[in-house]
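Heads up, query.pdb below (PDB, C-alpha atoms and all ligand atoms):
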ATOM      1  CA  MET V1369       0.000   0.000   0.000
ATOM      2  CA  THR V1370       1.308   3.464  -0.858
ATOM      3  CA  THR V1371       1.886   5.690   2.120
ATOM      4  CA  PRO V1372       1.797   9.481   2.175
ATOM      5  CA  ARG V1373       4.902  11.570   2.627
ATOM      6  CA  THR V1374       5.167  14.676   4.758
ATOM      7  CA  ILE V1375       6.492  17.613   2.764
ATOM      8  CA  ARG V1376       7.593  20.859   4.359
ATOM      9  CA  PHE V1377       7.797  23.964   2.266
ATOM     10  CA  LYS V1378       6.900  27.640   2.140
ATOM     11  CA  LEU V1379       3.518  28.584   0.771
ATOM     12  CA  ASN V1380       3.115  32.280   0.061
ATOM     13  CA  ASP V1381       5.892  33.109   2.580
ATOM     14  CA  ARG V1382       4.443  30.887   5.314
ATOM     15  CA  ALA V1383       6.107  27.671   6.511
ATOM     16  CA  VAL V1384       3.665  24.788   6.035
ATOM     17  CA  SER V1385       3.584  21.017   5.830
ATOM     18  CA  ALA V1386       1.266  18.502   4.229
ATOM     19  CA  ASN V1387       0.931  14.743   3.968
ATOM     20  CA  VAL V1388       0.698  14.017   0.265
ATOM     21  CA  MET V1389       0.307  10.937  -1.877
ATOM     22  CA  PRO V1390       2.708  10.169  -4.744
ATOM     23  CA  HIS V1391       0.053  10.842  -7.379
ATOM     24  CA  GLU V1392      -1.153  14.139  -5.889
ATOM     25  CA  SER V1393      -0.674  17.152  -8.151
ATOM     26  CA  ILE V1394       0.178  20.591  -6.827
ATOM     27  CA  VAL V1395      -3.324  21.827  -7.699
ATOM     28  CA  GLU V1396      -4.917  18.926  -5.820
ATOM     29  CA  MET V1397      -2.669  19.594  -2.842
ATOM     30  CA  LEU V1398      -3.387  23.340  -2.798
ATOM     31  CA  THR V1399      -7.121  22.748  -2.970
ATOM     32  CA  GLY V1400      -7.315  19.726  -0.696
ATOM     33  CA  HIS V1401      -4.886  20.729   2.049
ATOM     34  CA  PHE V1402      -4.932  24.518   1.995
ATOM     35  CA  ASP V1403      -8.281  25.459   0.451
ATOM     36  CA  LEU V1404      -6.503  27.575  -2.166
ATOM     37  CA  THR V1405      -8.545  27.492  -5.362
ATOM     38  CA  GLY V1406      -6.884  30.208  -7.442
ATOM     39  CA  ALA V1407      -4.778  27.775  -9.473
ATOM     40  CA  ARG V1408      -7.427  25.921 -11.459
ATOM     41  CA  GLU V1409      -7.271  22.658 -13.320
ATOM     42  CA  SER V1410      -8.776  22.992 -16.766
ATOM     43  CA  CYS V1411      -7.061  20.844 -19.398
ATOM     44  CA  GLY V1412      -5.113  18.757 -16.899
ATOM     45  CA  GLN V1413      -2.473  18.185 -19.578
ATOM     46  CA  GLY V1414      -0.083  21.110 -19.279
ATOM     47  CA  LEU V1415      -1.654  22.868 -22.258
ATOM     48  CA  CYS V1416      -3.691  25.807 -20.953
ATOM     49  CA  GLY V1417      -1.796  27.481 -18.103
ATOM     50  CA  CYS V1418      -4.837  27.912 -15.837
ATOM     51  CA  CYS V1419      -3.014  26.038 -13.070
ATOM     52  CA  THR V1420       0.210  28.079 -13.098
ATOM     53  CA  VAL V1421       1.988  28.614  -9.795
ATOM     54  CA  HIS V1422       5.563  29.659  -9.046
ATOM     55  CA  VAL V1423       7.884  27.095  -7.495
ATOM     56  CA  ASP V1424      11.170  28.646  -6.430
ATOM     57  CA  GLU V1425      10.342  31.628  -8.649
ATOM     58  CA  LYS V1426       9.723  29.520 -11.756
ATOM     59  CA  PRO V1427       6.274  29.129 -13.341
ATOM     60  CA  VAL V1428       5.084  25.520 -13.378
ATOM     61  CA  SER V1429       1.902  23.729 -14.386
ATOM     62  CA  GLY V1430       0.271  22.743 -11.118
ATOM     63  CA  CYS V1431      -1.850  20.092 -12.845
ATOM     64  CA  LEU V1432       1.151  18.075 -13.975
ATOM     65  CA  SER V1433       3.724  18.735 -11.246
ATOM     66  CA  LEU V1434       3.606  16.488  -8.220
ATOM     67  CA  ALA V1435       3.298  17.876  -4.713
ATOM     68  CA  TRP V1436       5.586  15.032  -3.577
ATOM     69  CA  PHE V1437       8.621  16.956  -4.844
ATOM     70  CA  LEU V1438       7.833  20.295  -3.197
ATOM     71  CA  ASP V1439       9.769  19.562  -0.018
ATOM     72  CA  GLY V1440      12.084  22.501   0.733
ATOM     73  CA  THR V1441      10.692  24.742  -2.011
ATOM     74  CA  HIS V1442       8.825  28.029  -1.948
ATOM     75  CA  VAL V1443       5.468  27.954  -3.685
ATOM     76  CA  ARG V1444       3.671  31.140  -4.613
ATOM     77  CA  THR V1445       0.084  31.165  -5.786
ATOM     78  CA  ILE V1446      -2.230  33.916  -6.956
ATOM     79  CA  GLU V1447      -3.453  34.193  -3.356
ATOM     80  CA  GLY V1448       0.065  35.223  -2.327
ATOM     81  CA  LEU V1449       0.379  38.246  -4.602
ATOM     82  CA  ALA V1450      -1.730  40.797  -2.755
ATOM     83  CA  ASP V1451      -0.345  42.609   0.270
ATOM     84  CA  GLY V1452      -3.286  42.415   2.656
ATOM     85  CA  ASP V1453      -6.091  44.361   1.037
ATOM     86  CA  LYS V1454      -3.738  45.907  -1.514
ATOM     87  CA  LEU V1455      -3.756  44.052  -4.796
ATOM     88  CA  ASP V1456      -0.599  43.398  -6.756
ATOM     89  CA  PRO V1457      -0.125  45.984  -9.543
ATOM     90  CA  VAL V1458      -0.605  43.258 -12.161
ATOM     91  CA  GLN V1459      -3.926  42.290 -10.575
ATOM     92  CA  GLU V1460      -4.956  45.951 -10.600
ATOM     93  CA  ALA V1461      -3.982  46.281 -14.261
ATOM     94  CA  PHE V1462      -6.111  43.264 -15.220
ATOM     95  CA  ILE V1463      -9.103  44.837 -13.476
ATOM     96  CA  GLU V1464      -8.456  48.223 -15.080
ATOM     97  CA  ALA V1465      -8.210  46.711 -18.569
ATOM     98  CA  GLY V1466     -11.231  44.438 -17.995
ATOM     99  CA  ALA V1467      -8.959  41.560 -19.003
ATOM    100  CA  PHE V1468     -11.377  38.740 -18.218
ATOM    101  CA  GLN V1469     -14.887  37.521 -18.778
ATOM    102  CA  CYS V1470     -15.485  34.348 -16.770
ATOM    103  CA  GLY V1471     -12.131  34.786 -15.017
ATOM    104  CA  PHE V1472     -11.227  31.098 -15.041
ATOM    105  CA  CYS V1473      -7.919  31.702 -16.817
ATOM    106  CA  THR V1474      -7.055  34.946 -15.031
ATOM    107  CA  PRO V1475      -4.881  33.606 -12.193
ATOM    108  CA  GLY V1476      -2.741  31.746 -14.721
ATOM    109  CA  PHE V1477      -2.329  34.839 -16.896
ATOM    110  CA  ILE V1478      -1.415  36.988 -13.903
ATOM    111  CA  MET V1479       1.154  34.486 -12.589
ATOM    112  CA  MET V1480       2.745  34.328 -16.050
ATOM    113  CA  THR V1481       2.651  38.104 -16.436
ATOM    114  CA  LYS V1482       4.579  38.483 -13.174
ATOM    115  CA  LYS V1483       7.385  36.395 -14.686
ATOM    116  CA  LEU V1484       7.166  38.114 -18.063
ATOM    117  CA  LEU V1485       7.689  41.536 -16.483
ATOM    118  CA  GLU V1486      10.666  40.290 -14.482
ATOM    119  CA  GLN V1487      12.343  39.193 -17.699
ATOM    120  CA  HIS V1488      11.036  41.971 -19.963
ATOM    121  CA  PRO V1489      10.120  45.034 -17.878
ATOM    122  CA  LEU V1490       8.807  46.867 -20.957
ATOM    123  CA  PRO V1491       7.726  44.105 -23.322
ATOM    124  CA  THR V1492       6.684  44.720 -26.897
ATOM    125  CA  GLU V1493       3.302  43.422 -28.006
ATOM    126  CA  ASP V1494       5.036  40.535 -29.783
ATOM    127  CA  GLU V1495       6.959  39.657 -26.625
ATOM    128  CA  ILE V1496       3.749  39.702 -24.593
ATOM    129  CA  LYS V1497       1.962  37.424 -27.057
ATOM    130  CA  HIS V1498       4.943  35.101 -27.331
ATOM    131  CA  TYR V1499       5.441  34.790 -23.563
ATOM    132  CA  LEU V1500       1.773  34.199 -22.890
ATOM    133  CA  THR V1501       1.250  31.841 -25.800
ATOM    134  CA  GLY V1502       0.974  28.826 -23.486
ATOM    135  CA  THR V1503      -1.847  30.357 -21.475
ATOM    136  CA  LEU V1504      -5.289  30.024 -23.021
ATOM    137  CA  CYS V1505      -8.475  32.026 -22.569
ATOM    138  CA  ARG V1506     -11.638  30.331 -23.774
ATOM    139  CA  CYS V1507     -13.491  33.634 -23.571
ATOM    140  CA  SER V1508     -10.895  35.095 -25.929
ATOM    141  CA  ALA V1509     -10.168  38.174 -23.853
ATOM    142  CA  TYR V1510      -6.737  38.384 -25.464
ATOM    143  CA  PRO V1511      -6.773  42.055 -26.559
ATOM    144  CA  GLU V1512      -7.665  43.158 -23.032
ATOM    145  CA  ILE V1513      -5.066  40.823 -21.532
ATOM    146  CA  VAL V1514      -2.335  42.340 -23.717
ATOM    147  CA  GLU V1515      -3.565  45.789 -22.690
ATOM    148  CA  ALA V1516      -3.408  44.794 -19.020
ATOM    149  CA  VAL V1517       0.194  43.687 -19.382
ATOM    150  CA  LYS V1518       1.077  47.004 -21.043
ATOM    151  CA  ILE V1519      -0.604  48.930 -18.218
ATOM    152  CA  ALA V1520       1.244  46.904 -15.563
ATOM    153  CA  ALA V1521       4.563  47.384 -17.361
ATOM    154  CA  ALA V1522       4.050  51.136 -17.711
ATOM    155  CA  ARG V1523       3.068  51.503 -14.057
ATOM    156  CA  ALA V1524       6.165  49.628 -12.942
ATOM    157  CA  GLN V1525       8.262  52.158 -14.815
ATOM    158  CA  GLY V1526       6.627  54.944 -12.779
TER     159      GLY V1526
HETATM  160  S1  LIG Q   1      -4.853  22.689 -16.217
HETATM  161 FE1  LIG Q   1      -2.720  22.681 -16.060
HETATM  162  S2  LIG Q   1      -2.036  23.389 -17.971
HETATM  163 FE2  LIG Q   1      -4.200  23.222 -18.202
HETATM  164  S1  LIG Q   2     -11.834  34.960 -19.116
HETATM  165 FE1  LIG Q   2     -12.910  33.103 -19.403
HETATM  166  S2  LIG Q   2     -11.370  31.687 -19.935
HETATM  167 FE2  LIG Q   2     -10.350  33.568 -19.880
END
So, in terms of structure tokens, how does the structure I just supplied come out?
Ligand code: FES
Ligand code: FES
Amino acid sequence: MTTPRTIRFKLNDRAVSANVMPHESIVEMLTGHFDLTGARESCGQGLCGCCTVHVDEKPVSGCLSLAWFLDGTHVRTIEGLADGDKLDPVQEAFIEAGAFQCGFCTPGFIMMTKKLLEQHPLPTEDEIKHYLTGTLCRCSAYPEIVEAVKIAAARAQG
């Protein structure tokens, strides 16, 4: 019989632990153990980006990556971006641009945009589209999403 393993890691700057099974994905662990539902499973195949979280500062697909291997890492989810009641500037930019309809894909886009702006503080439209190409929006809010990224980039420049 397979037994769970206790993993200890940081979740949104807080030291936590969880008993996880070998087959448990990061999304399943976040939802089941911590009631964090921002990273959503949609395709479940690493194709849509709805489940994106940061593990040690790198974006990963939470539907495919196993919680088993998170021991000693730092995981950041969409819930960890705001500072209390103050939203992250990228979250504010998505609201300002109206960059969502149903909102199912939005956490994934925002987590990817955070990484995009670290690598390209003032991205061109082509760079935005290229970087976000692995994140899909079924509502097709793409023009507004690109606009949101531009707003966030401009704000960061002051
Ligand atoms: S649900 Fe993970 S990439 Fe689509
Ligand atoms: S806003 Fe609905 S899937 Fe993107």
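The smallest atom-to-atom distance between ligand LIG 2 (chain Q) and any of V:Thr1371, V:Gln1413, V:Thr1474, V:Thr1481, using all atoms listed in the file, is found for V:Thr1474.
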Q: For the file shown, report as JSON, numbers by chain the outcome of the PyMOL selection byres (((chain V and resi 1441) around 9) and not hetatm) at residue level.
A: {"V": [1376, 1377, 1378, 1379, 1423, 1424, 1437, 1438, 1439, 1440, 1442, 1443]}
Q.
Ranking V:Ala1386, V:Leu1500, V:Leu1449, V:Leu1404 by minimum distance to His1422 in chain V and counting all atoms listed in the file, which one comes first?
A. V:Leu1449
Q) Which chains and residue numbers are within 10 Å of ligand LIG 1 (chain Q), counting all atoms listed in the file, if I want them as number ranges by chain? A) V: 1393-1395, 1407-1421, 1428-1433, 1473, 1476, 1502-1504
**Q.** Reference answer for the PyMOL selection byres (((chain V and resi 1372) around 6) and not hetatm), as a PyMOL selection string
**A.** chain V and resi 1371+1373+1387-1389
Residues of chain V at most 8 Å from ligand LIG 2 (chain Q): nearest atom pair and distance in Å, all atoms listed in the file, as CSV:
residue,atom,partner,partner_atom,distance
V:Ala1467,CA,Q:LIG2,S1,7.2
V:Phe1468,CA,Q:LIG2,S1,3.9
V:Gln1469,CA,Q:LIG2,S1,4.0
V:Cys1470,CA,Q:LIG2,FE1,3.9
V:Gly1471,CA,Q:LIG2,S1,4.1
V:Phe1472,CA,Q:LIG2,S2,4.9
V:Cys1473,CA,Q:LIG2,FE2,4.3
V:Thr1474,CA,Q:LIG2,FE2,6.0
V:Leu1504,CA,Q:LIG2,FE2,6.9
V:Cys1505,CA,Q:LIG2,FE2,3.6
V:Arg1506,CA,Q:LIG2,S2,4.1
V:Cys1507,CA,Q:LIG2,FE1,4.2
V:Ser1508,CA,Q:LIG2,FE2,6.3
V:Ala1509,CA,Q:LIG2,S1,6.0
Q. The PyMOL selection byres (((chain V and resi 1450-1466) around 8) and not hetatm) on the file shown: which residues, as JSON, numbers by chain?
A. {"V": [1447, 1448, 1449, 1467, 1468, 1469, 1478, 1481, 1482, 1512, 1513, 1515, 1516, 1517, 1519, 1520, 1523]}
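Comparing the minimum interatomic distances between Met1479 in chain V and each of V:Pro1390, V:Pro1427, V:Gly1400, V:Gly1406, counting only C-alpha atoms, we find that V:Pro1427 sits nearest.
Among V:Pro1491, V:Ala1524, V:Arg1444, V:Leu1434, the residue with the shortest atom-to-atom distance to Glu1396 in chain V, counting all atoms listed in the file, is V:Leu1434.
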Q.
Between CA of Tyr1510 in chain V and CA of Thr1492 in chain V, what distance in Å does the model show, to one decimal?
A. 14.9 Å
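A straight line drawn from CA of Gln1487 in chain V to CA of Gly1526 in chain V is 17.5 Å long.
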Go ahead and fit an axis-aligned box to every listed atom of range 1427-1431 of chain V plus 3 Å each side, and pass me the centre and edge lengths in Å, one decimal, as AutoDock Vina command-line options.
--center_x 2.2 --center_y 24.6 --center_z -12.8 --size_x 14.1 --size_y 15.0 --size_z 9.3
Your completed range 1371-1396 of chain V with N, CA, C and O atoms, as an mmCIF file, in the frame of the given file:
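Written output follows (selection34.cif):
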data_model
loop_
_atom_site.group_PDB
_atom_site.id
_atom_site.type_symbol
_atom_site.label_atom_id
_atom_site.label_comp_id
_atom_site.auth_asym_id
_atom_site.auth_seq_id
_atom_site.Cartn_x
_atom_site.Cartn_y
_atom_site.Cartn_z
ATOM 1 N N THR V 1371 2.079 4.851 0.933
ATOM 2 C CA THR V 1371 1.886 5.690 2.120
ATOM 3 C C THR V 1371 2.183 7.146 1.768
ATOM 4 O O THR V 1371 3.008 7.419 0.889
ATOM 5 N N PRO V 1372 1.529 8.069 2.457
ATOM 6 C CA PRO V 1372 1.797 9.481 2.175
ATOM 7 C C PRO V 1372 3.171 9.896 2.698
ATOM 8 O O PRO V 1372 3.775 9.203 3.510
ATOM 9 N N ARG V 1373 3.622 11.008 2.195
ATOM 10 C CA ARG V 1373 4.902 11.570 2.627
ATOM 11 C C ARG V 1373 4.627 12.969 3.167
ATOM 12 O O ARG V 1373 3.819 13.710 2.601
ATOM 13 N N THR V 1374 5.324 13.317 4.238
ATOM 14 C CA THR V 1374 5.167 14.676 4.758
ATOM 15 C C THR V 1374 6.158 15.599 4.051
ATOM 16 O O THR V 1374 7.364 15.354 4.068
ATOM 17 N N ILE V 1375 5.626 16.611 3.399
ATOM 18 C CA ILE V 1375 6.492 17.613 2.764
ATOM 19 C C ILE V 1375 6.396 18.911 3.563
ATOM 20 O O ILE V 1375 5.337 19.268 4.086
ATOM 21 N N ARG V 1376 7.536 19.563 3.671
ATOM 22 C CA ARG V 1376 7.593 20.859 4.359
ATOM 23 C C ARG V 1376 8.125 21.883 3.366
ATOM 24 O O ARG V 1376 9.165 21.654 2.748
ATOM 25 N N PHE V 1377 7.405 22.955 3.254
ATOM 26 C CA PHE V 1377 7.797 23.964 2.266
ATOM 27 C C PHE V 1377 7.191 25.300 2.665
ATOM 28 O O PHE V 1377 6.495 25.389 3.681
ATOM 29 N N LYS V 1378 7.522 26.342 1.889
ATOM 30 C CA LYS V 1378 6.900 27.640 2.140
ATOM 31 C C LYS V 1378 5.777 27.833 1.137
ATOM 32 O O LYS V 1378 5.952 27.555 -0.059
ATOM 33 N N LEU V 1379 4.660 28.300 1.631
ATOM 34 C CA LEU V 1379 3.518 28.584 0.771
ATOM 35 C C LEU V 1379 3.147 30.045 0.986
ATOM 36 O O LEU V 1379 2.698 30.417 2.078
ATOM 37 N N ASN V 1380 3.397 30.840 -0.043
ATOM 38 C CA ASN V 1380 3.115 32.280 0.061
ATOM 39 C C ASN V 1380 3.754 32.869 1.322
ATOM 40 O O ASN V 1380 3.087 33.538 2.123
ATOM 41 N N ASP V 1381 5.047 32.564 1.499
ATOM 42 C CA ASP V 1381 5.892 33.109 2.580
ATOM 43 C C ASP V 1381 5.616 32.506 3.960
ATOM 44 O O ASP V 1381 6.188 32.959 4.941
ATOM 45 N N ARG V 1382 4.776 31.501 4.027
ATOM 46 C CA ARG V 1382 4.443 30.887 5.314
ATOM 47 C C ARG V 1382 4.959 29.446 5.330
ATOM 48 O O ARG V 1382 4.755 28.702 4.361
ATOM 49 N N ALA V 1383 5.638 29.052 6.404
ATOM 50 C CA ALA V 1383 6.107 27.671 6.511
ATOM 51 C C ALA V 1383 4.918 26.745 6.754
ATOM 52 O O ALA V 1383 4.127 26.981 7.674
ATOM 53 N N VAL V 1384 4.803 25.713 5.917
ATOM 54 C CA VAL V 1384 3.665 24.788 6.035
ATOM 55 C C VAL V 1384 4.168 23.363 5.842
ATOM 56 O O VAL V 1384 5.314 23.129 5.425
ATOM 57 N N SER V 1385 3.289 22.412 6.137
ATOM 58 C CA SER V 1385 3.584 21.017 5.830
ATOM 59 C C SER V 1385 2.288 20.350 5.394
ATOM 60 O O SER V 1385 1.194 20.849 5.680
ATOM 61 N N ALA V 1386 2.445 19.242 4.681
ATOM 62 C CA ALA V 1386 1.266 18.502 4.229
ATOM 63 C C ALA V 1386 1.662 17.051 4.011
ATOM 64 O O ALA V 1386 2.791 16.760 3.603
ATOM 65 N N ASN V 1387 0.734 16.163 4.279
ATOM 66 C CA ASN V 1387 0.931 14.743 3.968
ATOM 67 C C ASN V 1387 0.330 14.485 2.597
ATOM 68 O O ASN V 1387 -0.887 14.625 2.418
ATOM 69 N N VAL V 1388 1.192 14.157 1.640
ATOM 70 C CA VAL V 1388 0.698 14.017 0.265
ATOM 71 C C VAL V 1388 0.970 12.615 -0.266
ATOM 72 O O VAL V 1388 1.901 11.932 0.168
ATOM 73 N N MET V 1389 0.146 12.225 -1.217
ATOM 74 C CA MET V 1389 0.307 10.937 -1.877
ATOM 75 C C MET V 1389 1.180 11.123 -3.126
ATOM 76 O O MET V 1389 1.255 12.228 -3.680
ATOM 77 N N PRO V 1390 1.793 10.042 -3.595
ATOM 78 C CA PRO V 1390 2.708 10.169 -4.744
ATOM 79 C C PRO V 1390 2.039 10.693 -6.012
ATOM 80 O O PRO V 1390 2.689 11.325 -6.844
ATOM 81 N N HIS V 1391 0.740 10.438 -6.150
ATOM 82 C CA HIS V 1391 0.053 10.842 -7.379
ATOM 83 C C HIS V 1391 -0.558 12.236 -7.279
ATOM 84 O O HIS V 1391 -1.140 12.721 -8.242
ATOM 85 N N GLU V 1392 -0.429 12.890 -6.138
ATOM 86 C CA GLU V 1392 -1.153 14.139 -5.889
ATOM 87 C C GLU V 1392 -0.487 15.311 -6.614
ATOM 88 O O GLU V 1392 0.697 15.595 -6.404
ATOM 89 N N SER V 1393 -1.244 15.998 -7.441
ATOM 90 C CA SER V 1393 -0.674 17.152 -8.151
ATOM 91 C C SER V 1393 -0.625 18.363 -7.214
ATOM 92 O O SER V 1393 -1.262 18.380 -6.151
ATOM 93 N N ILE V 1394 0.095 19.368 -7.639
ATOM 94 C CA ILE V 1394 0.178 20.591 -6.827
ATOM 95 C C ILE V 1394 -1.211 21.220 -6.686
ATOM 96 O O ILE V 1394 -1.594 21.669 -5.601
ATOM 97 N N VAL V 1395 -1.979 21.245 -7.778
ATOM 98 C CA VAL V 1395 -3.324 21.827 -7.699
ATOM 99 C C VAL V 1395 -4.190 21.052 -6.706
ATOM 100 O O VAL V 1395 -4.892 21.639 -5.877
ATOM 101 N N GLU V 1396 -4.125 19.735 -6.759
ATOM 102 C CA GLU V 1396 -4.917 18.926 -5.820
ATOM 103 C C GLU V 1396 -4.484 19.191 -4.379
ATOM 104 O O GLU V 1396 -5.307 19.288 -3.476
#
